[in-house]
file coords39.csv (CSV, C-alpha atoms and all ligand atoms)
chain,number,residue,atom,x,y,z
A,25,MET,CA,0.0,0.0,0.0
A,26,GLU,CA,1.4,3.4,-1.0
A,27,LYS,CA,1.7,6.1,1.7
A,28,THR,CA,1.5,9.9,1.4
A,29,LEU,CA,1.9,12.7,3.9
A,30,ALA,CA,-0.8,15.3,4.4
A,31,PHE,CA,-1.5,18.0,7.0
A,32,ILE,CA,-4.5,20.1,7.8
A,33,LYS,CA,-3.3,23.8,7.9
A,34,PRO,CA,-3.9,26.2,10.8
A,35,GLU,CA,-6.8,28.0,9.1
A,36,ALA,CA,-8.8,24.8,8.7
A,37,VAL,CA,-8.0,23.7,12.2
A,38,CYS,CA,-9.0,27.1,13.6
A,39,ASN,CA,-12.3,27.0,11.6
A,40,ASN,CA,-13.2,23.6,13.1
A,41,ASN,CA,-13.0,21.9,9.8
A,42,SER,CA,-10.6,19.1,10.8
A,43,GLY,CA,-13.3,16.5,11.5
A,44,LYS,CA,-15.0,17.1,8.2
A,45,ILE,CA,-11.7,16.9,6.3
A,46,ILE,CA,-10.7,13.6,8.0
A,47,ASP,CA,-14.2,12.2,7.3
A,48,SER,CA,-13.8,13.0,3.6
A,49,ILE,CA,-10.3,11.5,3.5
A,50,GLU,CA,-11.6,8.2,5.1
A,51,ASN,CA,-14.7,8.1,2.9
A,52,ALA,CA,-12.4,8.4,-0.2
A,53,GLY,CA,-10.7,5.2,0.8
A,54,PHE,CA,-7.6,6.3,2.7
A,55,GLN,CA,-6.5,4.7,5.9
A,56,VAL,CA,-5.2,7.1,8.5
A,57,ALA,CA,-2.0,5.3,9.3
A,58,ALA,CA,-0.6,8.0,11.7
A,59,LEU,CA,-1.9,11.3,13.0
A,60,LYS,CA,-0.6,14.1,15.3
A,61,MET,CA,-1.4,17.7,16.1
A,62,VAL,CA,1.7,19.8,16.2
A,63,ARG,CA,2.7,23.4,16.0
A,64,LEU,CA,5.8,24.1,13.9
A,65,SER,CA,8.3,26.7,14.8
A,66,VAL,CA,9.4,29.2,12.1
A,67,GLU,CA,12.6,27.3,11.7
A,68,GLN,CA,10.9,23.9,11.4
A,69,ALA,CA,8.5,25.4,8.8
A,70,GLN,CA,11.4,26.8,6.8
A,71,LYS,CA,13.0,23.4,6.8
A,72,PHE,CA,9.8,21.6,5.8
A,73,TYR,CA,9.2,24.1,2.8
A,74,GLU,CA,12.9,24.3,2.0
A,75,ILE,CA,12.2,23.4,-1.7
A,76,HIS,CA,10.3,26.7,-2.0
A,77,LYS,CA,12.9,28.9,-0.3
A,78,GLU,CA,13.7,30.9,-3.5
A,79,LYS,CA,10.0,31.6,-4.2
A,80,ALA,CA,8.5,35.1,-3.5
A,81,PHE,CA,5.8,33.6,-1.3
A,82,PHE,CA,8.2,31.7,0.9
A,83,ASP,CA,8.1,34.0,4.0
A,84,ASP,CA,4.3,34.2,3.9
A,85,LEU,CA,4.0,30.4,3.5
A,86,VAL,CA,6.3,29.8,6.5
A,87,ASN,CA,4.4,32.4,8.6
A,88,ASN,CA,1.0,30.9,7.7
A,89,ILE,CA,2.0,27.4,8.5
A,90,SER,CA,3.7,28.2,11.8
A,91,CYS,CA,1.0,30.6,13.1
A,92,GLY,CA,-1.1,27.8,14.7
A,93,SER,CA,-1.5,24.0,15.1
A,94,ILE,CA,-1.6,21.7,12.2
A,95,ILE,CA,-2.8,18.0,12.0
A,96,ALA,CA,-0.2,15.9,10.2
A,97,MET,CA,-1.2,12.5,8.9
A,98,VAL,CA,0.2,9.5,7.0
A,99,LEU,CA,-2.4,8.2,4.6
A,100,ALA,CA,-2.3,4.8,3.1
A,101,LYS,CA,-4.1,3.7,-0.1
A,102,GLU,CA,-3.2,2.3,-3.5
A,103,ASN,CA,-1.9,5.2,-5.5
A,104,ALA,CA,-2.1,7.4,-2.4
A,105,VAL,CA,0.1,10.3,-3.6
A,106,ASP,CA,-1.8,11.0,-6.8
A,107,ASP,CA,-5.3,10.1,-5.4
A,108,PHE,CA,-4.8,12.5,-2.5
A,109,ARG,CA,-3.8,15.3,-4.8
A,110,LYS,CA,-7.0,14.8,-6.7
A,111,LEU,CA,-9.0,14.8,-3.5
A,112,MET,CA,-7.3,18.1,-2.5
A,113,GLY,CA,-7.8,19.9,-5.8
A,114,ALA,CA,-5.7,22.7,-7.3
A,115,ALA,CA,-3.4,24.8,-5.0
A,116,ASN,CA,-5.6,27.8,-5.5
A,117,PRO,CA,-9.0,27.2,-4.0
A,118,ALA,CA,-10.6,29.5,-6.6
A,119,ALA,CA,-9.4,27.2,-9.4
A,120,ALA,CA,-10.0,23.9,-7.6
A,121,GLU,CA,-12.8,21.6,-8.8
A,122,GLU,CA,-16.1,21.6,-6.9
A,123,GLY,CA,-16.1,19.1,-4.0
A,124,THR,CA,-12.4,19.0,-3.5
A,125,LEU,CA,-11.0,19.8,-0.1
A,126,ARG,CA,-9.3,23.0,-1.1
A,127,LYS,CA,-12.5,24.2,-2.8
A,128,LEU,CA,-14.5,23.4,0.3
A,129,TYR,CA,-12.1,24.5,3.1
A,130,GLY,CA,-9.4,26.7,1.5
A,131,GLU,CA,-9.5,30.5,1.8
A,132,SER,CA,-6.8,31.5,-0.6
A,133,ILE,CA,-3.7,30.1,-2.3
A,134,GLU,CA,-1.7,31.0,0.8
A,135,LYS,CA,-4.3,29.5,3.2
A,136,ASN,CA,-5.5,26.6,1.1
A,137,GLY,CA,-6.5,24.4,4.0
A,138,ILE,CA,-4.5,21.3,3.4
A,139,HIS,CA,-1.1,20.1,2.2
A,140,GLY,CA,-0.3,16.9,0.4
A,141,ALA,CA,3.0,15.6,-0.9
A,142,ASP,CA,3.5,16.0,-4.6
A,143,SER,CA,5.5,12.9,-5.3
A,144,LEU,CA,6.3,9.6,-3.8
A,145,GLU,CA,9.9,10.7,-3.1
A,146,ASN,CA,8.7,13.9,-1.3
A,147,ALA,CA,6.0,11.8,0.5
A,148,ASN,CA,8.7,9.6,2.1
A,149,THR,CA,10.8,12.6,3.1
A,150,GLU,CA,7.8,14.5,4.5
A,151,ILE,CA,6.6,11.4,6.4
A,152,GLY,CA,10.1,11.2,8.0
A,153,PHE,CA,9.9,14.9,8.9
A,154,PHE,CA,6.8,14.3,11.1
A,155,PHE,CA,6.8,10.6,12.2
A,156,ASN,CA,9.1,7.8,13.2
A,157,LYS,CA,8.5,4.3,12.0
A,158,LEU,CA,7.0,3.1,15.4
A,159,GLU,CA,4.2,5.7,15.0
A,160,ILE,CA,3.0,4.5,11.7
A,161,ILE,CA,0.5,1.6,11.3
A,162,GLU,CA,1.8,-1.0,8.8
B,201,LIG,P1,1.2,23.4,-0.3
B,201,LIG,O1,0.6,22.2,-0.9
B,201,LIG,O2,1.3,23.4,1.2
B,201,LIG,O3,2.6,23.6,-0.9
B,201,LIG,C1,3.3,24.8,-1.0
B,201,LIG,C2,2.3,25.9,-0.7
B,201,LIG,O4,2.8,27.2,-1.2
B,201,LIG,C3,1.0,25.7,-1.4
B,201,LIG,O5,0.3,24.7,-0.7
B,201,LIG,C4,0.4,27.1,-1.3
B,201,LIG,O6,-0.3,27.3,0.0
B,201,LIG,C5,1.6,28.0,-1.4
B,201,LIG,N1,1.7,28.6,-2.7
B,201,LIG,C6,1.9,28.0,-3.9
B,201,LIG,N2,1.9,28.9,-4.9
B,201,LIG,C7,1.7,30.1,-4.3
B,201,LIG,C8,1.7,31.4,-4.8
B,201,LIG,N3,1.8,31.6,-6.2
B,201,LIG,N4,1.5,32.4,-4.0
B,201,LIG,C9,1.3,32.2,-2.7
B,201,LIG,N5,1.4,30.9,-2.1
B,201,LIG,C10,1.6,29.9,-2.9
call {"tool": "encode", "arguments": {"input": "coords39.csv", "output": "structure tokens"}}
result
Amino acid sequence: MEKTLAFIKPEAVCNNNSGKIIDSIENAGFQVAALKMVRLSVEQAQKFYEIHKEKAFFDDLVNNISCGSIIAMVLAKENAVDDFRKLMGAANPAAAEEGTLRKLYGESIEKNGIHGADSLENANTEIGFFFNKLEIIE
């Protein structure tokens, strides 16, 4: 079974949308193989989003993600990485398909409600950022 890394962003946690998001994820056939609520420091957020460090939006992205608690999850399913990206929808909620998580719970491209890894390689790196092996259901 393939695994991906997702987290519910601070704006969706603050708006009490976490339960609805997790419900949609389970209904779409993903197993929640690990879950934790954490608050990243600015330094940890900079490390997580290191691949975007040259982008103009990097500082805003880091500030948004470290301004409150997030709910990080390992999600297991066949084809988990691509299927989860479809469930999330486009990065900009305004452009996301109807019914996708970002359309439903995102506020803007900066506060788009949920993150999902964009490749299997990044999924493995991101899973290792948040979880150790003992915390993940096989
Ligand atoms: P996420 O899936 O967490 O991965 C990187 C994040 O950067 C993305 O969601 C958006 O929240 C944010 N992002 C991507 N493109 C832009 C952009 N053009 N302007 C502002 N934020 C962006």
call {"tool": "residues_near_ligand", "arguments": {"input": "coords39.csv", "ligand": "ligand LIG 201 (chain B)", "cutoff": "7 Å", "atoms": "all atoms listed in the file", "output": "short mmCIF file (atom, residue, chain, number, x, y, z; two decimals) with C-alpha atoms, in the coordinates of the input"}}
result
data_model
loop_
_atom_site.label_atom_id
_atom_site.label_comp_id
_atom_site.auth_asym_id
_atom_site.auth_seq_id
_atom_site.Cartn_x
_atom_site.Cartn_y
_atom_site.Cartn_z
CA PHE A 81 5.80 33.60 -1.30
CA LEU A 85 4.00 30.40 3.50
CA ALA A 115 -3.40 24.80 -5.00
CA ILE A 133 -3.70 30.10 -2.30
CA GLU A 134 -1.70 31.00 0.80
CA LYS A 135 -4.30 29.50 3.20
CA ASN A 136 -5.50 26.60 1.10
CA ILE A 138 -4.50 21.30 3.40
CA HIS A 139 -1.10 20.10 2.20
CA GLY A 140 -0.30 16.90 0.40
#
call {"tool": "closest_residue", "arguments": {"input": "coords39.csv", "among": "A:Ile89, A:Ile75, A:Val105, A:Ala58", "to": "Glu145 of chain A", "atoms": "only C-alpha atoms"}}
result
A:Val105
call {"tool": "residues_near_point", "arguments": {"input": "coords39.csv", "point": "(0.7, 20.0, 7.6)", "cutoff": "6 Å", "atoms": "all atoms listed in the file", "output": "PDB file with C-alpha atoms, in the coordinates of the input"}}
result
ATOM      1  CA  ALA A  30      -0.800  15.300   4.400  1.00  0.00           C
ATOM      2  CA  PHE A  31      -1.500  18.000   7.000  1.00  0.00           C
ATOM      3  CA  ILE A  32      -4.500  20.100   7.800  1.00  0.00           C
ATOM      4  CA  LYS A  33      -3.300  23.800   7.900  1.00  0.00           C
ATOM      5  CA  ILE A  94      -1.600  21.700  12.200  1.00  0.00           C
ATOM      6  CA  ILE A  95      -2.800  18.000  12.000  1.00  0.00           C
ATOM      7  CA  ALA A  96      -0.200  15.900  10.200  1.00  0.00           C
ATOM      8  CA  HIS A 139      -1.100  20.100   2.200  1.00  0.00           C
TER       9      HIS A 139
END
call {"tool": "atom_distance", "arguments": {"input": "coords39.csv", "atom1": "atom CA of Ile46 of chain A", "atom2": "atom CA of Gln68 of chain A"}}
result
24.2 Å
call {"tool": "residues_near_point", "arguments": {"input": "coords39.csv", "point": "(4.4, 23.6, 17.4)", "cutoff": "10 Å", "atoms": "only C-alpha atoms", "output": "tab-separated table (two decimals) with C-alpha atoms, in the coordinates of the input"}}
result
chain	number	residue	atom	x	y	z
A	61	MET	CA	-1.40	17.70	16.10
A	62	VAL	CA	1.70	19.80	16.20
A	63	ARG	CA	2.70	23.40	16.00
A	64	LEU	CA	5.80	24.10	13.90
A	65	SER	CA	8.30	26.70	14.80
A	66	VAL	CA	9.40	29.20	12.10
A	68	GLN	CA	10.90	23.90	11.40
A	69	ALA	CA	8.50	25.40	8.80
A	89	ILE	CA	2.00	27.40	8.50
A	90	SER	CA	3.70	28.20	11.80
A	91	CYS	CA	1.00	30.60	13.10
A	92	GLY	CA	-1.10	27.80	14.70
A	93	SER	CA	-1.50	24.00	15.10
A	94	ILE	CA	-1.60	21.70	12.20
call {"tool": "atom_distance", "arguments": {"input": "coords39.csv", "atom1": "atom CA of Val86 of chain A", "atom2": "atom CA of Ser48 of chain A"}}
result
26.4 Å
call {"tool": "closest_residue", "arguments": {"input": "coords39.csv", "among": "A:Phe155, A:Ile45, A:Ala104, A:Met25", "to": "Thr124 of chain A", "atoms": "only C-alpha atoms"}}
result
A:Ile45
call {"tool": "closest_residue", "arguments": {"input": "coords39.csv", "among": "A:Asn156, A:Asn40, A:Asn146, A:Ser132", "to": "Asn88 of chain A", "atoms": "all atoms listed in the file"}}
result
A:Ser132
call {"tool": "atom_distance", "arguments": {"input": "coords39.csv", "atom1": "atom CA of Gly130 of chain A", "atom2": "atom CA of Met97 of chain A"}}
result
18.0 Å
call {"tool": "residues_around", "arguments": {"input": "coords39.csv", "residues": "segment 148-151 of chain A", "least_positions_apart": "5", "cutoff": "8 Å", "atoms": "all atoms listed in the file", "output": "list in words"}}
result
Lys27, Thr28, Leu29, Phe72, Val98 and Ala141 of chain A
call {"tool": "closest_residue", "arguments": {"input": "coords39.csv", "among": "A:Glu67, A:Asp83, A:Glu162, A:Asp106", "to": "Gln55 of chain A", "atoms": "all atoms listed in the file"}}
result
A:Glu162
call {"tool": "closest_residue", "arguments": {"input": "coords39.csv", "among": "A:Lys44, A:Lys77, A:Lys101, A:Arg109", "to": "Ser143 of chain A", "atoms": "all atoms listed in the file"}}
result
A:Arg109
call {"tool": "closest_residue", "arguments": {"input": "coords39.csv", "among": "A:Pro34, A:Gly152, A:Glu26, A:Gln70", "to": "Phe82 of chain A", "atoms": "only C-alpha atoms"}}
result
A:Gln70
